[in-house]
>>> print(open('model_31.pdb').read())   # PDB, C-alpha atoms
ATOM      1  CA  MET A   1     -50.504  65.953 -58.397  1.00  0.00           C
ATOM      2  CA  ASP A   2     -50.039  63.207 -60.912  1.00  0.00           C
ATOM      3  CA  SER A   3     -50.931  59.546 -60.521  1.00  0.00           C
ATOM      4  CA  ILE A   4     -47.974  57.269 -61.080  1.00  0.00           C
ATOM      5  CA  THR A   5     -47.735  53.565 -61.803  1.00  0.00           C
ATOM      6  CA  TYR A   6     -46.389  50.984 -59.402  1.00  0.00           C
ATOM      7  CA  GLU A   7     -43.315  50.660 -61.639  1.00  0.00           C
ATOM      8  CA  GLU A   8     -42.628  54.403 -61.481  1.00  0.00           C
ATOM      9  CA  PHE A   9     -43.044  54.313 -57.706  1.00  0.00           C
ATOM     10  CA  ASP A  10     -40.828  51.246 -57.357  1.00  0.00           C
ATOM     11  CA  ALA A  11     -38.050  52.893 -59.386  1.00  0.00           C
ATOM     12  CA  LEU A  12     -37.772  55.689 -56.806  1.00  0.00           C
ATOM     13  CA  PHE A  13     -36.360  53.254 -54.234  1.00  0.00           C
ATOM     14  CA  THR A  14     -33.206  52.758 -56.269  1.00  0.00           C
ATOM     15  CA  SER A  15     -32.907  56.218 -57.839  1.00  0.00           C
ATOM     16  CA  PHE A  16     -33.063  58.498 -54.792  1.00  0.00           C
ATOM     17  CA  LYS A  17     -29.746  59.881 -53.565  1.00  0.00           C
ATOM     18  CA  ARG A  18     -29.797  60.313 -49.773  1.00  0.00           C
ATOM     19  CA  GLU A  19     -32.929  59.611 -47.802  1.00  0.00           C
ATOM     20  CA  ALA A  20     -36.330  57.976 -48.081  1.00  0.00           C
ATOM     21  CA  LEU A  21     -38.866  58.735 -45.343  1.00  0.00           C
ATOM     22  CA  HIS A  22     -42.107  56.813 -44.912  1.00  0.00           C
ATOM     23  CA  LEU A  23     -44.990  57.797 -42.639  1.00  0.00           C
ATOM     24  CA  GLU A  24     -47.671  55.188 -42.034  1.00  0.00           C
ATOM     25  CA  MET A  25     -50.860  56.274 -40.298  1.00  0.00           C
ATOM     26  CA  ARG A  26     -53.297  53.378 -40.772  1.00  0.00           C
ATOM     27  CA  ASP A  27     -53.936  50.563 -38.310  1.00  0.00           C
ATOM     28  CA  SER A  28     -54.404  48.031 -41.069  1.00  0.00           C
ATOM     29  CA  TYR A  29     -53.250  47.545 -44.613  1.00  0.00           C
ATOM     30  CA  GLY A  30     -53.982  44.842 -47.137  1.00  0.00           C
ATOM     31  CA  THR A  31     -51.512  44.829 -49.972  1.00  0.00           C
ATOM     32  CA  ALA A  32     -51.858  41.976 -52.414  1.00  0.00           C
ATOM     33  CA  ALA A  33     -48.414  40.674 -51.433  1.00  0.00           C
ATOM     34  CA  GLU A  34     -49.222  40.694 -47.713  1.00  0.00           C
ATOM     35  CA  ILE A  35     -52.708  39.196 -47.656  1.00  0.00           C
ATOM     36  CA  PRO A  36     -51.782  35.488 -48.022  1.00  0.00           C
ATOM     37  CA  HIS A  37     -49.081  35.775 -45.341  1.00  0.00           C
ATOM     38  CA  LEU A  38     -51.338  37.662 -42.955  1.00  0.00           C
ATOM     39  CA  ARG A  39     -54.055  35.038 -43.410  1.00  0.00           C
ATOM     40  CA  ARG A  40     -51.592  32.224 -42.592  1.00  0.00           C
ATOM     41  CA  TRP A  41     -50.530  34.035 -39.439  1.00  0.00           C
ATOM     42  CA  GLU A  42     -54.151  34.640 -38.420  1.00  0.00           C
ATOM     43  CA  ALA A  43     -54.848  30.915 -38.903  1.00  0.00           C
ATOM     44  CA  GLY A  44     -51.840  30.006 -36.760  1.00  0.00           C
ATOM     45  CA  GLU A  45     -50.088  28.411 -39.728  1.00  0.00           C
ATOM     46  CA  PRO A  46     -46.330  28.605 -40.263  1.00  0.00           C
ATOM     47  CA  ASP A  47     -44.955  31.092 -42.750  1.00  0.00           C
ATOM     48  CA  ASP A  48     -41.544  32.442 -43.678  1.00  0.00           C
ATOM     49  CA  ALA A  49     -40.213  35.848 -44.574  1.00  0.00           C
ATOM     50  CA  ASP A  50     -38.783  34.836 -47.968  1.00  0.00           C
ATOM     51  CA  TRP A  51     -41.375  36.988 -49.734  1.00  0.00           C
ATOM     52  CA  LEU A  52     -39.793  40.055 -48.069  1.00  0.00           C
ATOM     53  CA  GLN A  53     -36.326  39.391 -49.539  1.00  0.00           C
ATOM     54  CA  PRO A  54     -36.715  41.746 -52.541  1.00  0.00           C
ATOM     55  CA  TRP A  55     -37.374  44.651 -50.152  1.00  0.00           C
ATOM     56  CA  PHE A  56     -34.499  43.591 -47.910  1.00  0.00           C
ATOM     57  CA  ASP A  57     -32.240  43.560 -50.976  1.00  0.00           C
ATOM     58  CA  VAL A  58     -33.291  47.140 -51.844  1.00  0.00           C
ATOM     59  CA  ILE A  59     -32.591  48.318 -48.293  1.00  0.00           C
ATOM     60  CA  SER A  60     -29.249  46.512 -48.114  1.00  0.00           C
ATOM     61  CA  ALA A  61     -28.083  47.907 -51.456  1.00  0.00           C
ATOM     62  CA  GLY A  62     -29.230  51.390 -50.478  1.00  0.00           C
ATOM     63  CA  ARG A  63     -27.440  51.269 -47.146  1.00  0.00           C
ATOM     64  CA  ARG A  64     -24.222  50.073 -48.831  1.00  0.00           C
ATOM     65  CA  ALA A  65     -24.538  53.140 -51.075  1.00  0.00           C
ATOM     66  CA  GLY A  66     -24.885  55.394 -48.004  1.00  0.00           C
ATOM     67  CA  LYS A  67     -28.626  55.947 -48.325  1.00  0.00           C
ATOM     68  CA  PHE A  68     -30.984  56.112 -45.344  1.00  0.00           C
ATOM     69  CA  PHE A  69     -34.451  54.639 -44.938  1.00  0.00           C
ATOM     70  CA  ARG A  70     -36.620  55.803 -42.034  1.00  0.00           C
ATOM     71  CA  ARG A  71     -40.180  54.670 -41.356  1.00  0.00           C
ATOM     72  CA  ALA A  72     -42.529  55.890 -38.616  1.00  0.00           C
ATOM     73  CA  ARG A  73     -45.713  53.962 -37.854  1.00  0.00           C
ATOM     74  CA  ILE A  74     -48.479  55.803 -36.033  1.00  0.00           C
ATOM     75  CA  VAL A  75     -50.595  53.132 -34.348  1.00  0.00           C
ATOM     76  CA  SER A  76     -53.634  52.896 -32.133  1.00  0.00           C
ATOM     77  CA  GLU A  77     -53.179  50.971 -28.910  1.00  0.00           C
ATOM     78  CA  PRO A  78     -53.722  48.230 -28.235  1.00  0.00           C
ATOM     79  CA  VAL A  79     -52.373  47.527 -31.697  1.00  0.00           C
ATOM     80  CA  SER A  80     -54.540  45.898 -34.360  1.00  0.00           C
ATOM     81  CA  ASN A  81     -54.029  42.285 -35.405  1.00  0.00           C
ATOM     82  CA  TYR A  82     -52.421  43.579 -38.574  1.00  0.00           C
ATOM     83  CA  GLN A  83     -49.893  45.619 -36.573  1.00  0.00           C
ATOM     84  CA  ARG A  84     -49.208  42.667 -34.257  1.00  0.00           C
ATOM     85  CA  TRP A  85     -48.403  40.618 -37.347  1.00  0.00           C
ATOM     86  CA  VAL A  86     -46.115  43.364 -38.721  1.00  0.00           C
ATOM     87  CA  LEU A  87     -44.472  43.840 -35.342  1.00  0.00           C
ATOM     88  CA  LYS A  88     -43.290  40.234 -35.174  1.00  0.00           C
ATOM     89  CA  ASP A  89     -41.067  40.655 -38.258  1.00  0.00           C
ATOM     90  CA  THR A  90     -40.107  44.334 -38.098  1.00  0.00           C
ATOM     91  CA  HIS A  91     -36.748  43.403 -36.580  1.00  0.00           C
ATOM     92  CA  LEU A  92     -35.870  41.796 -39.947  1.00  0.00           C
ATOM     93  CA  TYR A  93     -36.311  45.167 -41.692  1.00  0.00           C
ATOM     94  CA  VAL A  94     -34.221  46.854 -39.004  1.00  0.00           C
ATOM     95  CA  ASP A  95     -31.518  44.186 -39.296  1.00  0.00           C
ATOM     96  CA  VAL A  96     -30.954  45.056 -42.973  1.00  0.00           C
ATOM     97  CA  GLY A  97     -30.796  48.785 -42.284  1.00  0.00           C
ATOM     98  CA  GLU A  98     -34.263  50.338 -42.249  1.00  0.00           C
ATOM     99  CA  ASP A  99     -34.792  52.474 -39.135  1.00  0.00           C
ATOM    100  CA  ILE A 100     -38.378  51.775 -38.078  1.00  0.00           C
ATOM    101  CA  ARG A 101     -40.088  53.391 -35.136  1.00  0.00           C
ATOM    102  CA  TRP A 102     -43.531  53.190 -33.607  1.00  0.00           C
ATOM    103  CA  VAL A 103     -45.630  56.078 -32.341  1.00  0.00           C
ATOM    104  CA  PRO A 104     -48.729  55.574 -30.233  1.00  0.00           C
ATOM    105  CA  ARG A 105     -51.515  57.617 -31.818  1.00  0.00           C
ATOM    106  CA  SER A 106     -52.143  59.360 -28.481  1.00  0.00           C
ATOM    107  CA  ARG A 107     -48.738  61.068 -28.816  1.00  0.00           C
ATOM    108  CA  VAL A 108     -49.522  62.841 -32.110  1.00  0.00           C
ATOM    109  CA  SER A 109     -52.711  64.718 -31.199  1.00  0.00           C
ATOM    110  CA  THR A 110     -51.069  68.110 -31.720  1.00  0.00           C
ATOM    111  CA  VAL A 111     -48.960  67.206 -34.772  1.00  0.00           C
ATOM    112  CA  SER A 112     -50.165  68.503 -38.134  1.00  0.00           C
ATOM    113  CA  LEU A 113     -50.313  65.504 -40.447  1.00  0.00           C
ATOM    114  CA  PRO A 114     -51.069  65.180 -44.152  1.00  0.00           C
ATOM    115  CA  GLY A 115     -54.240  63.313 -45.063  1.00  0.00           C
ATOM    116  CA  ASN A 116     -52.479  60.239 -46.439  1.00  0.00           C
ATOM    117  CA  ASP A 117     -49.484  58.020 -45.857  1.00  0.00           C
ATOM    118  CA  PHE A 118     -46.465  59.124 -47.853  1.00  0.00           C
ATOM    119  CA  TRP A 119     -42.933  58.476 -48.980  1.00  0.00           C
ATOM    120  CA  LEU A 120     -40.634  61.503 -49.178  1.00  0.00           C
ATOM    121  CA  PHE A 121     -37.493  61.085 -51.301  1.00  0.00           C
ATOM    122  CA  ASP A 122     -34.558  63.492 -50.811  1.00  0.00           C
ATOM    123  CA  ASP A 123     -36.892  66.391 -50.005  1.00  0.00           C
ATOM    124  CA  GLU A 124     -37.568  66.498 -53.754  1.00  0.00           C
ATOM    125  CA  VAL A 125     -40.641  64.364 -54.364  1.00  0.00           C
ATOM    126  CA  VAL A 126     -43.539  63.105 -52.247  1.00  0.00           C
ATOM    127  CA  ILE A 127     -45.615  60.088 -53.121  1.00  0.00           C
ATOM    128  CA  PHE A 128     -48.954  60.020 -51.319  1.00  0.00           C
ATOM    129  CA  LEU A 129     -50.434  56.538 -51.063  1.00  0.00           C
ATOM    130  CA  ILE A 130     -54.193  56.455 -51.517  1.00  0.00           C
ATOM    131  CA  PHE A 131     -55.849  53.461 -49.856  1.00  0.00           C
ATOM    132  CA  ALA A 132     -59.270  51.861 -50.063  1.00  0.00           C
ATOM    133  CA  ALA A 133     -61.018  51.115 -46.788  1.00  0.00           C
ATOM    134  CA  SER A 134     -59.805  47.513 -47.175  1.00  0.00           C
ATOM    135  CA  GLY A 135     -56.195  48.690 -47.033  1.00  0.00           C
ATOM    136  CA  LEU A 136     -55.413  48.100 -50.700  1.00  0.00           C
ATOM    137  CA  VAL A 137     -53.456  50.799 -52.513  1.00  0.00           C
ATOM    138  CA  MET A 138     -55.802  52.444 -55.002  1.00  0.00           C
ATOM    139  CA  ASP A 139     -53.489  55.139 -56.327  1.00  0.00           C
ATOM    140  CA  ARG A 140     -50.143  56.862 -55.867  1.00  0.00           C
ATOM    141  CA  HIS A 141     -50.008  60.652 -56.195  1.00  0.00           C
ATOM    142  CA  ARG A 142     -46.665  62.267 -56.989  1.00  0.00           C
ATOM    143  CA  THR A 143     -45.865  65.889 -56.258  1.00  0.00           C
ATOM    144  CA  THR A 144     -42.826  68.152 -56.181  1.00  0.00           C
ATOM    145  CA  ASP A 145     -44.807  71.027 -54.689  1.00  0.00           C
ATOM    146  CA  ARG A 146     -42.577  72.707 -52.081  1.00  0.00           C
ATOM    147  CA  SER A 147     -45.418  73.230 -49.590  1.00  0.00           C
ATOM    148  CA  ALA A 148     -46.335  69.532 -49.722  1.00  0.00           C
ATOM    149  CA  ILE A 149     -42.689  68.560 -49.282  1.00  0.00           C
ATOM    150  CA  GLU A 150     -42.331  70.926 -46.314  1.00  0.00           C
ATOM    151  CA  LEU A 151     -45.528  69.603 -44.715  1.00  0.00           C
ATOM    152  CA  CYS A 152     -44.351  66.019 -45.075  1.00  0.00           C
ATOM    153  CA  ARG A 153     -40.820  66.738 -43.830  1.00  0.00           C
ATOM    154  CA  THR A 154     -42.088  68.700 -40.829  1.00  0.00           C
ATOM    155  CA  SER A 155     -44.758  66.116 -39.994  1.00  0.00           C
ATOM    156  CA  PHE A 156     -42.318  63.260 -40.264  1.00  0.00           C
ATOM    157  CA  GLU A 157     -39.714  64.932 -38.044  1.00  0.00           C
ATOM    158  CA  GLU A 158     -42.315  65.865 -35.407  1.00  0.00           C
ATOM    159  CA  VAL A 159     -43.599  62.282 -35.351  1.00  0.00           C
ATOM    160  CA  TRP A 160     -40.027  60.943 -35.278  1.00  0.00           C
ATOM    161  CA  LYS A 161     -39.283  62.972 -32.118  1.00  0.00           C
ATOM    162  CA  LEU A 162     -42.182  61.178 -30.411  1.00  0.00           C
ATOM    163  CA  SER A 163     -41.307  57.724 -31.709  1.00  0.00           C
ATOM    164  CA  ILE A 164     -40.127  54.568 -29.986  1.00  0.00           C
ATOM    165  CA  PRO A 165     -37.400  52.443 -31.615  1.00  0.00           C
ATOM    166  CA  ASN A 166     -38.638  49.066 -32.788  1.00  0.00           C
ATOM    167  CA  SER A 167     -36.619  47.065 -30.250  1.00  0.00           C
ATOM    168  CA  GLU A 168     -38.125  49.012 -27.344  1.00  0.00           C
ATOM    169  CA  TYR A 169     -41.653  49.049 -28.733  1.00  0.00           C
ATOM    170  CA  GLN A 170     -41.574  45.353 -29.590  1.00  0.00           C
ATOM    171  CA  SER A 171     -40.636  44.399 -26.062  1.00  0.00           C
ATOM    172  CA  SER A 172     -43.510  46.428 -24.648  1.00  0.00           C
ATOM    173  CA  GLN A 173     -46.180  45.368 -27.181  1.00  0.00           C
ATOM    174  CA  ALA A 174     -45.473  41.815 -28.322  1.00  0.00           C
ATOM    175  CA  ARG A 175     -48.027  39.311 -27.153  1.00  0.00           C
ATOM    176  CA  PRO A 176     -48.133  35.559 -27.695  1.00  0.00           C
TER     177      PRO A 176
END
>>> encode(input="model_31.pdb", output="structure tokens")
Amino acid sequence: MDSITYEEFDALFTSFKREALHLEMRDSYGTAAEIPHLRRWEAGEPDDADWLQPWFDVISAGRRAGKFFRRARIVSEPVSNYQRWVLKDTHLYVDVGEDIRWVPRSRVSTVSLPGNDFWLFDDEVVIFLIFAASGLVMDRHRTTDRSAIELCRTSFEEVWKLSIPNSEYQSSQARP
């Protein structure tokens, strides 16, 4: 596996041909872009979703080109504060065309999962995201190894079968 830069990773979102799959398995993240917005939410301060527009533009352009984006989030329940924060705006991602589903961790006990979150592009390349305990991305590992691709595809599809669409999960989990 090779480490890749953020720019190399970012380029994959416009260069893939058919499908991008993302499996998230952590209860909390802490990307540099998210931290200020999460902190405002935790403090009860108003915030907007304007900072998400570049991602929404990528999804919208991809969907217009016939590409699919699916994301499955494995979460502990009750959900963490981070996941509650994410949950409140996930409908915005769905509205622009990303299919996002939630999977209670208790449902995946017998699913074989890779050791790290990943993006799988067109069943051709996997990017494993390596996180620090704080939730910051420390590295991105790229592989085209067929066994890694098969593990990620199989894991994702097994998790997807157990998933709950965002609209249904949101109504059952959202709290004031």
>>> resolve_selection(input="model_31.pdb", expression="the PyMOL selection byres ((chain A and resi 154) around 12)", output="ChimeraX atom specification")
/A:21,23,111-114,120,123,146-153,155-161
>>> residues_around(input="model_31.pdb", residues="Val137 of chain A", least_positions_apart="3", cutoff="10 Å", atoms="all atoms listed in the file", output="list of chain:residue names")
A:Tyr6, A:Tyr29, A:Gly30, A:Thr31, A:Ala32, A:Leu129, A:Ile130, A:Phe131, A:Ala132, A:Ala133, A:Ser134, A:Arg140
>>> write_last_selection(input="model_31.pdb", atoms="C-alpha atoms", output="CSV table (one decimal), in the frame of the given file")
chain,number,residue,atom,x,y,z
A,6,TYR,CA,-46.4,51.0,-59.4
A,29,TYR,CA,-53.2,47.5,-44.6
A,30,GLY,CA,-54.0,44.8,-47.1
A,31,THR,CA,-51.5,44.8,-50.0
A,32,ALA,CA,-51.9,42.0,-52.4
A,129,LEU,CA,-50.4,56.5,-51.1
A,130,ILE,CA,-54.2,56.5,-51.5
A,131,PHE,CA,-55.8,53.5,-49.9
A,132,ALA,CA,-59.3,51.9,-50.1
A,133,ALA,CA,-61.0,51.1,-46.8
A,134,SER,CA,-59.8,47.5,-47.2
A,140,ARG,CA,-50.1,56.9,-55.9
>>> residues_around(input="model_31.pdb", residues="segment 7-17 of chain A", least_positions_apart="2", cutoff="7 Å", atoms="only C-alpha atoms", output="MDAnalysis selection string")
chainID A and resid 4:5 19 67 121:122
>>> residues_around(input="model_31.pdb", residues="Phe56 of chain A", least_positions_apart="5", cutoff="9 Å", atoms="only C-alpha atoms", output="PyMOL selection string")
chain A and resi 61+92-93+96-98
>>> residues_around(input="model_31.pdb", residues="segment 100-104 of chain A", least_positions_apart="6", cutoff="6 Å", atoms="only C-alpha atoms", output="JSON, numbers by chain")
{"A": [70, 71, 72, 73, 74, 75, 76, 163, 164, 165, 166]}
>>> write_last_selection(input="model_31.pdb", atoms="C-alpha atoms", output="compact mmCIF listing (two decimals), in the coordinates of the input")
# COMPACT_ATOMS: atom_id res chain seq x y z
CA ARG A 70 -36.62 55.80 -42.03
CA ARG A 71 -40.18 54.67 -41.36
CA ALA A 72 -42.53 55.89 -38.62
CA ARG A 73 -45.71 53.96 -37.85
CA ILE A 74 -48.48 55.80 -36.03
CA VAL A 75 -50.60 53.13 -34.35
CA SER A 76 -53.63 52.90 -32.13
CA SER A 163 -41.31 57.72 -31.71
CA ILE A 164 -40.13 54.57 -29.99
CA PRO A 165 -37.40 52.44 -31.62
CA ASN A 166 -38.64 49.07 -32.79
>>> atom_distance(input="model_31.pdb", atom1="atom CA of Asp57 of chain A", atom2="atom CA of Arg18 of chain A")
17.0 Å
>>> residues_around(input="model_31.pdb", residues="Ser28 of chain A", least_positions_apart="5", cutoff="9 Å", atoms="only C-alpha atoms", output="mmCIF file with C-alpha atoms, in the frame of the given file")
data_model
loop_
_atom_site.group_PDB
_atom_site.id
_atom_site.type_symbol
_atom_site.label_atom_id
_atom_site.label_comp_id
_atom_site.auth_asym_id
_atom_site.auth_seq_id
_atom_site.Cartn_x
_atom_site.Cartn_y
_atom_site.Cartn_z
ATOM 1 C CA SER A 80 -54.540 45.898 -34.360
ATOM 2 C CA ASN A 81 -54.029 42.285 -35.405
ATOM 3 C CA TYR A 82 -52.421 43.579 -38.574
ATOM 4 C CA GLN A 83 -49.893 45.619 -36.573
ATOM 5 C CA SER A 134 -59.805 47.513 -47.175
ATOM 6 C CA GLY A 135 -56.195 48.690 -47.033
#
>>> atom_distance(input="model_31.pdb", atom1="atom CA of Arg26 of chain A", atom2="atom CA of Gln170 of chain A")
18.1 Å
>>> resolve_selection(input="model_31.pdb", expression="the PyMOL selection byres ((chain A and resi 143) around 9)", output="VMD selection string")
chain A and resid 1 to 2 124 to 128 141 to 142 144 to 146 148 to 149
>>> closest_residue(input="model_31.pdb", among="A:Asp139, A:Ser109, A:Asp95, A:Leu87", to="Glu168 of chain A", atoms="only C-alpha atoms")
A:Leu87
>>> resolve_selection(input="model_31.pdb", expression="the PyMOL selection byres ((chain A and resi 52) around 12)", output="list of chain:residue names")
A:Ala33, A:Glu34, A:His37, A:Asp47, A:Asp48, A:Ala49, A:Asp50, A:Trp51, A:Gln53, A:Pro54, A:Trp55, A:Phe56, A:Asp57, A:Val58, A:Ile59, A:Val86, A:Asp89, A:Thr90, A:Leu92, A:Tyr93, A:Val96
